[in-house]
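Visitor: Data: data.tsv, TSV, C-alpha atoms (C1' of nucleotides).
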```
chain	number	residue	atom	x	y	z
M	24	MET	CA	-54.04	-80.47	57.42
M	25	ASP	CA	-52.67	-77.89	54.97
M	26	SER	CA	-49.41	-77.88	56.83
M	27	GLU	CA	-48.74	-81.54	56.07
M	28	ILE	CA	-49.38	-81.08	52.38
M	29	ARG	CA	-47.13	-78.05	52.25
M	30	ILE	CA	-44.31	-79.82	54.04
M	31	ALA	CA	-44.64	-82.97	51.89
M	32	ILE	CA	-44.34	-80.87	48.73
M	33	ALA	CA	-41.36	-78.94	50.05
M	34	LYS	CA	-39.58	-82.13	51.09
M	35	LEU	CA	-40.13	-83.93	47.83
M	36	ALA	CA	-39.02	-80.93	45.80
M	37	ARG	CA	-35.92	-80.65	47.93
M	38	ARG	CA	-35.18	-84.32	47.45
M	39	MET	CA	-35.55	-83.90	43.67
M	40	ARG	CA	-33.20	-80.95	43.65
M	41	GLN	CA	-30.56	-82.88	45.57
M	42	GLU	CA	-30.66	-85.50	42.85
M	43	ARG	CA	-29.09	-83.38	40.14
M	44	GLY	CA	-26.05	-84.91	38.50
M	45	ALA	CA	-22.64	-83.28	38.55
M	46	SER	CA	-23.06	-82.11	34.96
M	47	ASP	CA	-26.42	-80.45	35.59
M	48	LEU	CA	-26.87	-76.73	35.66
M	49	GLY	CA	-28.31	-75.14	38.79
M	50	PRO	CA	-32.07	-74.67	39.12
M	51	SER	CA	-31.92	-70.98	38.18
M	52	GLN	CA	-30.05	-71.57	34.96
M	53	LEU	CA	-32.33	-74.45	34.00
M	54	GLY	CA	-35.34	-72.32	34.88
M	55	VAL	CA	-34.24	-69.64	32.44
M	56	LEU	CA	-33.64	-72.13	29.64
M	57	ALA	CA	-37.05	-73.72	30.28
M	58	SER	CA	-38.73	-70.33	30.26
M	59	LEU	CA	-37.11	-69.46	26.94
M	60	GLU	CA	-38.24	-72.76	25.46
M	61	ILE	CA	-41.82	-72.41	26.63
M	62	ALA	CA	-42.38	-68.69	26.04
M	63	GLY	CA	-39.83	-68.08	23.25
M	64	PRO	CA	-37.29	-65.24	23.05
M	65	GLN	CA	-37.66	-62.64	25.80
M	66	THR	CA	-36.03	-59.47	27.08
M	67	LEU	CA	-34.07	-59.41	30.33
M	68	GLY	CA	-36.92	-57.65	32.08
M	69	GLU	CA	-39.45	-60.22	30.93
M	70	LEU	CA	-37.21	-63.04	32.09
M	71	SER	CA	-36.65	-61.54	35.51
M	72	ALA	CA	-40.39	-60.99	35.98
M	73	GLN	CA	-41.11	-64.53	34.81
M	74	GLU	CA	-38.60	-66.07	37.22
M	75	ARG	CA	-39.40	-63.58	39.98
M	76	VAL	CA	-35.87	-62.40	40.57
M	77	THR	CA	-34.40	-58.91	40.26
M	78	ALA	CA	-32.94	-57.71	36.98
M	79	PRO	CA	-29.34	-57.80	38.26
M	80	SER	CA	-29.77	-61.39	39.44
M	81	MET	CA	-31.20	-62.42	36.11
M	82	ASN	CA	-28.47	-60.55	34.30
M	83	ARG	CA	-25.87	-62.55	36.15
M	84	THR	CA	-27.53	-65.88	35.36
M	85	VAL	CA	-27.89	-64.86	31.72
M	86	ASN	CA	-24.18	-63.97	31.63
M	87	LEU	CA	-23.26	-67.48	32.77
M	88	LEU	CA	-25.56	-69.11	30.23
M	89	GLU	CA	-24.29	-66.86	27.46
M	90	ALA	CA	-20.68	-67.69	28.36
M	91	SER	CA	-21.59	-71.38	28.11
M	92	GLY	CA	-23.18	-70.80	24.70
M	93	LEU	CA	-26.64	-71.94	25.84
M	94	LEU	CA	-28.40	-68.70	24.93
M	95	SER	CA	-27.74	-65.62	22.84
M	96	ARG	CA	-28.23	-61.88	23.33
M	97	THR	CA	-29.14	-59.62	20.41
M	98	ALA	CA	-30.12	-55.96	20.45
M	99	SER	CA	-33.82	-55.31	19.88
M	100	PRO	CA	-34.47	-53.65	16.49
M	101	ASP	CA	-37.42	-51.61	17.89
M	102	ASP	CA	-35.97	-50.29	21.11
M	103	GLY	CA	-32.25	-49.78	21.58
M	104	ARG	CA	-32.52	-50.29	25.33
M	105	LYS	CA	-33.89	-53.79	25.03
M	106	VAL	CA	-31.99	-57.03	24.50
M	107	ILE	CA	-33.54	-60.14	23.03
M	108	ILE	CA	-32.45	-63.33	24.72
M	109	GLU	CA	-33.04	-66.67	23.01
M	110	LEU	CA	-32.09	-70.32	23.28
M	111	THR	CA	-29.28	-71.70	21.14
M	112	ASP	CA	-29.35	-75.26	19.78
M	113	ALA	CA	-26.86	-76.18	22.51
M	114	GLY	CA	-29.25	-74.76	25.12
M	115	ARG	CA	-32.11	-76.80	23.73
M	116	ALA	CA	-29.94	-79.93	23.85
M	117	VAL	CA	-28.99	-79.37	27.49
M	118	LEU	CA	-32.64	-78.91	28.34
M	119	ASP	CA	-33.68	-82.13	26.60
M	120	ASP	CA	-30.93	-84.11	28.22
M	121	THR	CA	-31.60	-82.83	31.73
M	122	ARG	CA	-35.29	-83.47	31.39
M	123	ARG	CA	-34.67	-87.00	30.20
M	124	ARG	CA	-32.48	-87.81	33.21
M	125	ARG	CA	-34.84	-86.25	35.73
M	126	ASP	CA	-37.84	-88.02	34.31
M	127	ALA	CA	-35.93	-91.30	34.56
M	128	TRP	CA	-35.09	-90.66	38.22
M	129	PHE	CA	-38.65	-89.68	39.09
M	130	GLY	CA	-40.17	-92.46	36.94
M	131	GLU	CA	-38.18	-95.11	38.81
M	132	ARG	CA	-39.74	-93.98	42.05
M	133	VAL	CA	-43.26	-93.63	40.68
M	134	ALA	CA	-42.94	-97.17	39.31
M	135	THR	CA	-42.77	-98.50	42.87
M	136	LEU	CA	-46.17	-97.00	43.74
M	137	SER	CA	-49.44	-98.94	43.77
M	138	ASP	CA	-52.12	-98.16	41.18
M	139	GLU	CA	-54.13	-96.29	43.81
M	140	GLU	CA	-51.14	-94.15	44.69
M	141	LYS	CA	-50.44	-93.38	41.05
M	142	THR	CA	-54.07	-92.40	40.54
M	143	ALA	CA	-53.95	-90.10	43.56
M	144	LEU	CA	-50.83	-88.46	42.19
M	145	GLU	CA	-52.34	-87.92	38.76
M	146	ALA	CA	-55.50	-86.46	40.23
M	147	ALA	CA	-53.47	-83.97	42.26
M	148	THR	CA	-51.31	-82.79	39.37
M	149	PRO	CA	-53.66	-80.10	38.00
M	150	VAL	CA	-54.31	-78.90	41.56
M	151	LEU	CA	-50.60	-78.51	42.24
M	152	ARG	CA	-50.22	-76.65	38.95
M	153	LYS	CA	-53.08	-74.34	39.88
M	154	LEU	CA	-51.60	-73.59	43.29
M	155	ALA	CA	-48.26	-72.74	41.70
M	156	GLU	CA	-49.95	-70.21	39.42
M	157	LEU	CA	-52.11	-68.62	42.08
N	165	MET	CA	-47.29	-88.37	32.43
N	166	ASP	CA	-44.69	-88.51	35.22
N	167	SER	CA	-42.96	-85.52	33.75
N	168	GLU	CA	-45.97	-83.26	34.31
N	169	ILE	CA	-46.29	-84.27	37.94
N	170	ARG	CA	-42.59	-83.75	38.55
N	171	ILE	CA	-42.66	-80.31	36.96
N	172	ALA	CA	-45.82	-79.27	38.83
N	173	ILE	CA	-44.22	-80.21	42.16
N	174	ALA	CA	-40.99	-78.39	41.34
N	175	LYS	CA	-42.87	-75.26	40.28
N	176	LEU	CA	-45.09	-75.12	43.33
N	177	ALA	CA	-42.17	-75.70	45.69
N	178	ARG	CA	-40.27	-72.95	43.96
N	179	ARG	CA	-43.23	-70.61	44.27
N	180	MET	CA	-43.46	-71.39	47.99
N	181	ARG	CA	-39.77	-70.69	48.50
N	182	GLN	CA	-40.05	-67.34	46.76
N	183	GLU	CA	-42.71	-66.39	49.25
N	184	ARG	CA	-40.44	-66.19	52.26
N	185	GLY	CA	-40.61	-62.96	54.22
N	186	ALA	CA	-37.67	-60.65	54.71
N	187	SER	CA	-37.21	-61.85	58.27
N	188	ASP	CA	-37.13	-65.54	57.33
N	189	LEU	CA	-33.97	-67.59	57.45
N	190	GLY	CA	-32.80	-69.28	54.29
N	191	PRO	CA	-34.06	-72.78	53.44
N	192	SER	CA	-30.88	-74.49	54.67
N	193	GLN	CA	-30.93	-72.82	58.04
N	194	LEU	CA	-34.61	-73.62	58.51
N	195	GLY	CA	-33.96	-77.20	57.40
N	196	VAL	CA	-31.36	-77.63	60.12
N	197	LEU	CA	-33.65	-76.21	62.80
N	198	ALA	CA	-36.50	-78.47	61.64
N	199	SER	CA	-34.24	-81.50	61.66
N	200	LEU	CA	-33.11	-80.74	65.20
N	201	GLU	CA	-36.71	-80.37	66.31
N	202	ILE	CA	-37.84	-83.63	64.73
N	203	ALA	CA	-34.86	-85.86	65.47
N	204	GLY	CA	-33.51	-84.12	68.57
N	205	PRO	CA	-29.87	-83.16	69.29
N	206	GLN	CA	-27.41	-84.42	66.68
N	207	THR	CA	-23.72	-84.30	65.82
N	208	LEU	CA	-22.45	-82.30	62.87
N	209	GLY	CA	-21.92	-85.49	60.88
N	210	GLU	CA	-25.46	-86.67	61.52
N	211	LEU	CA	-26.86	-83.31	60.49
N	212	SER	CA	-24.88	-83.17	57.26
N	213	ALA	CA	-25.98	-86.73	56.36
N	214	GLN	CA	-29.58	-85.86	57.20
N	215	GLU	CA	-29.58	-82.73	55.05
N	216	ARG	CA	-27.41	-84.33	52.37
N	217	VAL	CA	-24.75	-81.66	52.29
N	218	THR	CA	-21.02	-81.92	53.01
N	219	ALA	CA	-19.69	-81.43	56.53
N	220	PRO	CA	-18.05	-78.07	55.72
N	221	SER	CA	-21.33	-76.77	54.27
N	222	MET	CA	-23.22	-77.87	57.32
N	223	ASN	CA	-20.56	-76.44	59.58
N	224	ARG	CA	-20.98	-73.07	57.98
N	225	THR	CA	-24.75	-73.14	58.32
N	226	VAL	CA	-24.41	-74.22	61.96
N	227	ASN	CA	-21.98	-71.34	62.57
N	228	LEU	CA	-24.57	-68.84	61.35
N	229	LEU	CA	-27.32	-70.36	63.47
N	230	GLU	CA	-25.07	-70.48	66.53
N	231	ALA	CA	-24.10	-66.82	66.05
N	232	SER	CA	-27.82	-65.99	65.95
N	233	GLY	CA	-28.39	-67.96	69.16
N	234	LEU	CA	-30.80	-70.42	67.52
N	235	LEU	CA	-28.81	-73.55	68.38
N	236	SER	CA	-26.01	-74.53	70.76
N	237	ARG	CA	-22.84	-76.62	70.40
N	238	THR	CA	-21.56	-78.70	73.33
N	239	ALA	CA	-18.72	-81.24	73.37
N	240	SER	CA	-19.84	-84.86	73.49
N	241	PRO	CA	-19.03	-86.49	76.86
N	242	ASP	CA	-18.32	-89.89	75.19
N	243	ASP	CA	-16.14	-88.88	72.29
N	244	GLY	CA	-14.01	-85.75	72.36
N	245	ARG	CA	-14.15	-85.40	68.59
N	246	LYS	CA	-17.92	-85.11	68.47
N	247	VAL	CA	-20.04	-82.05	69.05
N	248	ILE	CA	-23.66	-82.17	70.11
N	249	ILE	CA	-25.84	-79.60	68.39
N	250	GLU	CA	-29.26	-78.75	69.80
N	251	LEU	CA	-32.07	-76.23	69.43
N	252	THR	CA	-32.30	-73.30	71.82
N	253	ASP	CA	-35.64	-71.85	72.92
N	254	ALA	CA	-35.04	-68.99	70.49
N	255	GLY	CA	-34.55	-71.52	67.70
N	256	ARG	CA	-37.79	-73.23	68.55
N	257	ALA	CA	-39.58	-69.89	68.55
N	258	VAL	CA	-38.24	-68.97	65.10
N	259	LEU	CA	-39.36	-72.34	63.80
N	260	ASP	CA	-42.88	-71.93	65.17
N	261	ASP	CA	-43.20	-68.44	63.81
N	262	THR	CA	-41.97	-69.33	60.35
N	263	ARG	CA	-44.25	-72.32	60.16
N	264	ARG	CA	-47.22	-70.22	61.19
N	265	ARG	CA	-46.60	-67.66	58.45
N	266	ARG	CA	-46.01	-70.27	55.75
N	267	ASP	CA	-49.12	-72.18	56.69
N	268	ALA	CA	-51.10	-68.96	56.45
N	269	TRP	CA	-49.75	-68.24	52.97
N	270	PHE	CA	-50.45	-71.76	51.75
N	271	GLY	CA	-53.81	-71.94	53.52
N	272	GLU	CA	-55.03	-68.81	51.74
N	273	ARG	CA	-54.39	-70.47	48.41
N	274	VAL	CA	-55.87	-73.81	49.37
N	275	ALA	CA	-59.00	-71.97	50.52
N	276	THR	CA	-59.69	-70.93	46.93
N	277	LEU	CA	-59.85	-74.57	45.76
N	278	SER	CA	-63.05	-76.54	45.22
N	279	ASP	CA	-63.89	-79.44	47.52
N	280	GLU	CA	-62.88	-81.91	44.82
N	281	GLU	CA	-59.53	-80.22	44.44
N	282	LYS	CA	-58.93	-80.24	48.18
N	283	THR	CA	-59.79	-83.93	48.34
N	284	ALA	CA	-57.37	-84.69	45.51
N	285	LEU	CA	-54.66	-82.80	47.35
N	286	GLU	CA	-55.25	-84.64	50.60
N	287	ALA	CA	-55.27	-88.01	48.88
N	288	ALA	CA	-51.91	-87.24	47.27
N	289	THR	CA	-50.22	-86.10	50.49
N	290	PRO	CA	-49.09	-89.54	51.74
N	291	VAL	CA	-47.91	-90.40	48.24
N	292	LEU	CA	-45.77	-87.27	48.03
N	293	ARG	CA	-44.35	-88.04	51.46
N	294	LYS	CA	-43.53	-91.58	50.37
N	295	LEU	CA	-41.78	-90.39	47.22
N	296	ALA	CA	-39.68	-87.96	49.26
N	297	GLU	CA	-38.51	-90.79	51.50
N	298	LEU	CA	-37.79	-93.28	48.75
C	300	DT	C1'	-37.64	-37.81	33.13
C	301	DA	C1'	-38.59	-42.66	32.86
C	302	DT	C1'	-37.18	-47.18	31.37
C	303	DT	C1'	-33.84	-50.98	30.28
C	304	DG	C1'	-29.95	-53.06	31.08
C	305	DT	C1'	-25.66	-53.31	33.51
C	306	DT	C1'	-21.82	-53.08	37.13
C	307	DA	C1'	-20.31	-53.03	42.04
C	308	DT	C1'	-20.79	-55.05	46.25
C	309	DA	C1'	-22.40	-58.18	49.81
C	310	DC	C1'	-24.53	-62.30	51.91
C	311	DT	C1'	-26.18	-67.33	51.79
C	312	DC	C1'	-25.31	-71.85	50.31
C	313	DT	C1'	-22.81	-75.12	48.08
C	314	DA	C1'	-18.37	-77.68	47.11
C	315	DT	C1'	-13.20	-79.52	47.43
C	316	DA	C1'	-8.80	-79.48	49.67
C	317	DA	C1'	-6.14	-79.11	53.61
C	318	DC	C1'	-5.64	-78.89	58.60
C	319	DT	C1'	-6.43	-80.11	63.87
C	320	DA	C1'	-7.73	-82.98	67.50
C	321	DT	C1'	-9.21	-87.27	69.20
C	322	DA	C1'	-9.79	-92.48	68.95
S	109	DT	C1'	-4.28	-94.70	60.73
S	110	DA	C1'	-8.97	-93.41	60.73
S	111	DT	C1'	-12.63	-90.33	62.12
S	112	DA	C1'	-15.00	-85.78	63.50
S	113	DG	C1'	-14.88	-81.32	63.04
S	114	DT	C1'	-13.00	-77.17	61.19
S	115	DT	C1'	-10.81	-73.51	58.13
S	116	DA	C1'	-9.58	-71.70	53.49
S	117	DT	C1'	-11.08	-70.82	49.18
S	118	DA	C1'	-14.09	-70.65	45.21
S	119	DG	C1'	-18.39	-70.54	42.46
S	120	DA	C1'	-23.66	-70.01	41.97
S	121	DG	C1'	-27.53	-67.42	43.20
S	122	DT	C1'	-29.76	-63.84	45.57
S	123	DA	C1'	-30.26	-58.80	46.81
S	124	DT	C1'	-29.67	-53.32	46.89
S	125	DA	C1'	-27.48	-49.22	45.19
S	126	DA	C1'	-25.50	-46.71	41.58
S	127	DC	C1'	-24.65	-45.97	36.69
S	128	DA	C1'	-25.11	-45.82	31.31
S	129	DA	C1'	-27.75	-45.68	27.32
S	130	DT	C1'	-32.02	-44.98	25.07
S	131	DA	C1'	-36.93	-43.38	24.78
```
Could you take the file, read its structure, and then write that structure out as structure tokens?
Guide:
Amino acid sequence: MDSEIRIAIAKLARRMRQERGASDLGPSQLGVLASLEIAGPQTLGELSAQERVTAPSMNRTVNLLEASGLLSRTASPDDGRKVIIELTDAGRAVLDDTRRRRDAWFGERVATLSDEEKTALEAATPVLRKLAEL
Amino acid sequence: MDSEIRIAIAKLARRMRQERGASDLGPSQLGVLASLEIAGPQTLGELSAQERVTAPSMNRTVNLLEASGLLSRTASPDDGRKVIIELTDAGRAVLDDTRRRRDAWFGERVATLSDEEKTALEAATPVLRKLAEL
DNA sequence: TATTGTTATACTCTATAACTATA
DNA sequence: TATAGTTATAGAGTATAACAATA
């Protein structure tokens, strides 16, 4: 049943989100940092399209991250309307640290699974990734 | 790699959340309705423990749902401090409708998968459910 | 005129601190 | 005194509408 799969994914993701430590950034802020790391420096418009939020929403998130020194804004040399947003070293460090802690949390739980269960999870990974990109 | 699985799940769940229609309730409100449907009438304290939010947060969400007529509050007969919260028929209807639309969205995407991919997804479902409950 | 970014405003969801009522 | 619920307040994240600057 598709419904069961959908609900299991939603529940697990929710559970993972609830697990963030007090020092963690919210999912939106982390999403922006991750996007900048993966795709490199981007304009505000590119970021908002990437994260599927409106430009004002993204602007607000970027303001918070800039105030925390985790990313930088610089005017585009080509087009005076555009702003180039890129990760700072501090931003990269936050990203590494968060990822390390989340992997540890998730790894602890995966470690309790049987070999069959682990295999099933690994086999599903590319499928989940594909569904997310559809 | 555990990290890849974790990230794939987070991404897909995020994608699913972004898909909610204009008429949908937020994820917290829907979570409360779903919890009431599954576990039956509950007190505010039980609901906030179940959804892992603080009592004031839950109270606020319950206020919104009560104002919309989707759940009801009644004083507990045993203990004057407690309040029993339960689904109304309207709440049940909203839940059914939302579920129907989300299943349709997800089902469309699953339909594009190969048989092997569908099998992998089904095999992983109980594992995902187990991880969410760990 | 069209595009890019921004500000103003509003609503949901979350939290902590402080209060009320009941046990 | 302790517990259950609530209110007050604040911050993050989302949106739409309106505006400024540049192309």
Visitor: Could you make a table, as a tab-separated table, of the residues of chain N that have an atom within 7 Å of an atom of chain C, each with its nearest atom pair and distance in Å to one decimal, counting only C-alpha atoms (C1' of nucleotides), in chain and number order?
Guide:
```
residue	atom	partner	partner_atom	distance
N:Ser221	CA	C:DT313	C1'	6.6
N:Gly244	CA	C:DT321	C1'	5.9
N:Arg245	CA	C:DT321	C1'	5.3
```
Visitor: Mind checking which residues fall within 7 Å of range 228-232 of chain N, counting all atoms listed in the file, ignoring those fewer than 4 positions away in the same chain, and posting them as a PyMOL selection string?
Guide: chain N and resi 193+224+236
Visitor: Can you tell me which residues surround Glu215 in chain N at a distance of at most 9 Å, considering all atoms listed in the file, apart from same-chain residues fewer than 6 positions away, and format the answer as a list in words?
Guide: Ser192, Gly195, Val196, Ser199 and Met222 of chain N
Visitor: For chain N, which residues have at least one atom within 12 Å of chain S, if we go by all atoms listed in the file? Write them as a list in words, please.
Guide: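 So the contacting residues turn out to be Gln182, Ala186, Gly190, Thr207, Leu208, Gly209, Glu210, Ser212, Thr218, Ala219, Pro220, Ser221, Met222, Asn223, Arg224, Val226, Asn227, Arg237, Ala239, Ser240, Asp243, Gly244, Arg245, Lys246, Val247 and Ile248 of chain N.
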Visitor: Quick one: contact table of chain N to chain M, 6 Å max, nearest atom pair and distance in Å to one decimal per residue, counting all atoms listed in the file, chain and number order, as CSV?
Guide:
```
residue,atom,partner,partner_atom,distance
N:Ser167,CA,M:Asp126,CA,5.7
N:Ile169,CA,M:Thr148,CA,5.4
N:Ala172,CA,M:Arg152,CA,5.1
N:Ala174,CA,M:Ala36,CA,5.5
N:Leu176,CA,M:Ala155,CA,4.3
N:Ala177,CA,M:Ala33,CA,5.5
N:Asp267,CA,M:Ser26,CA,5.7
N:Ala284,CA,M:Ala147,CA,5.1
N:Leu285,CA,M:Ala147,CA,5.4
N:Ala287,CA,M:Ala143,CA,5.9
N:Ala288,CA,M:Ala143,CA,5.1
N:Thr289,CA,M:Ile28,CA,5.4
N:Leu292,CA,M:Ala31,CA,5.9
N:Arg293,CA,M:Ala31,CA,5.1
N:Ala296,CA,M:Leu35,CA,4.3
```
Visitor: Report, in Å to a single decimal, how far apart CA of Asp120 in chain M and CA of Ala57 in chain M are.
Guide: 12.2 Å
Visitor: Go ahead and compute the interatomic distance for CA of Glu201 in chain N and CA of Leu234 in chain N, in Å to one decimal.
Guide: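 CA of Leu234 in chain N lies at a distance of 11.6 Å from CA of Glu201 in chain N.
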Visitor: Box along x, y and z, 4 Å on every side, all listed atoms of range 100-109 of chain M inside: centre and edge lengths in Å to one decimal, as JSON.
Guide:
```
{"center_x": -34.7, "center_y": -58.2, "center_z": 20.9, "size_x": 13.4, "size_y": 24.9, "size_z": 16.8}
```
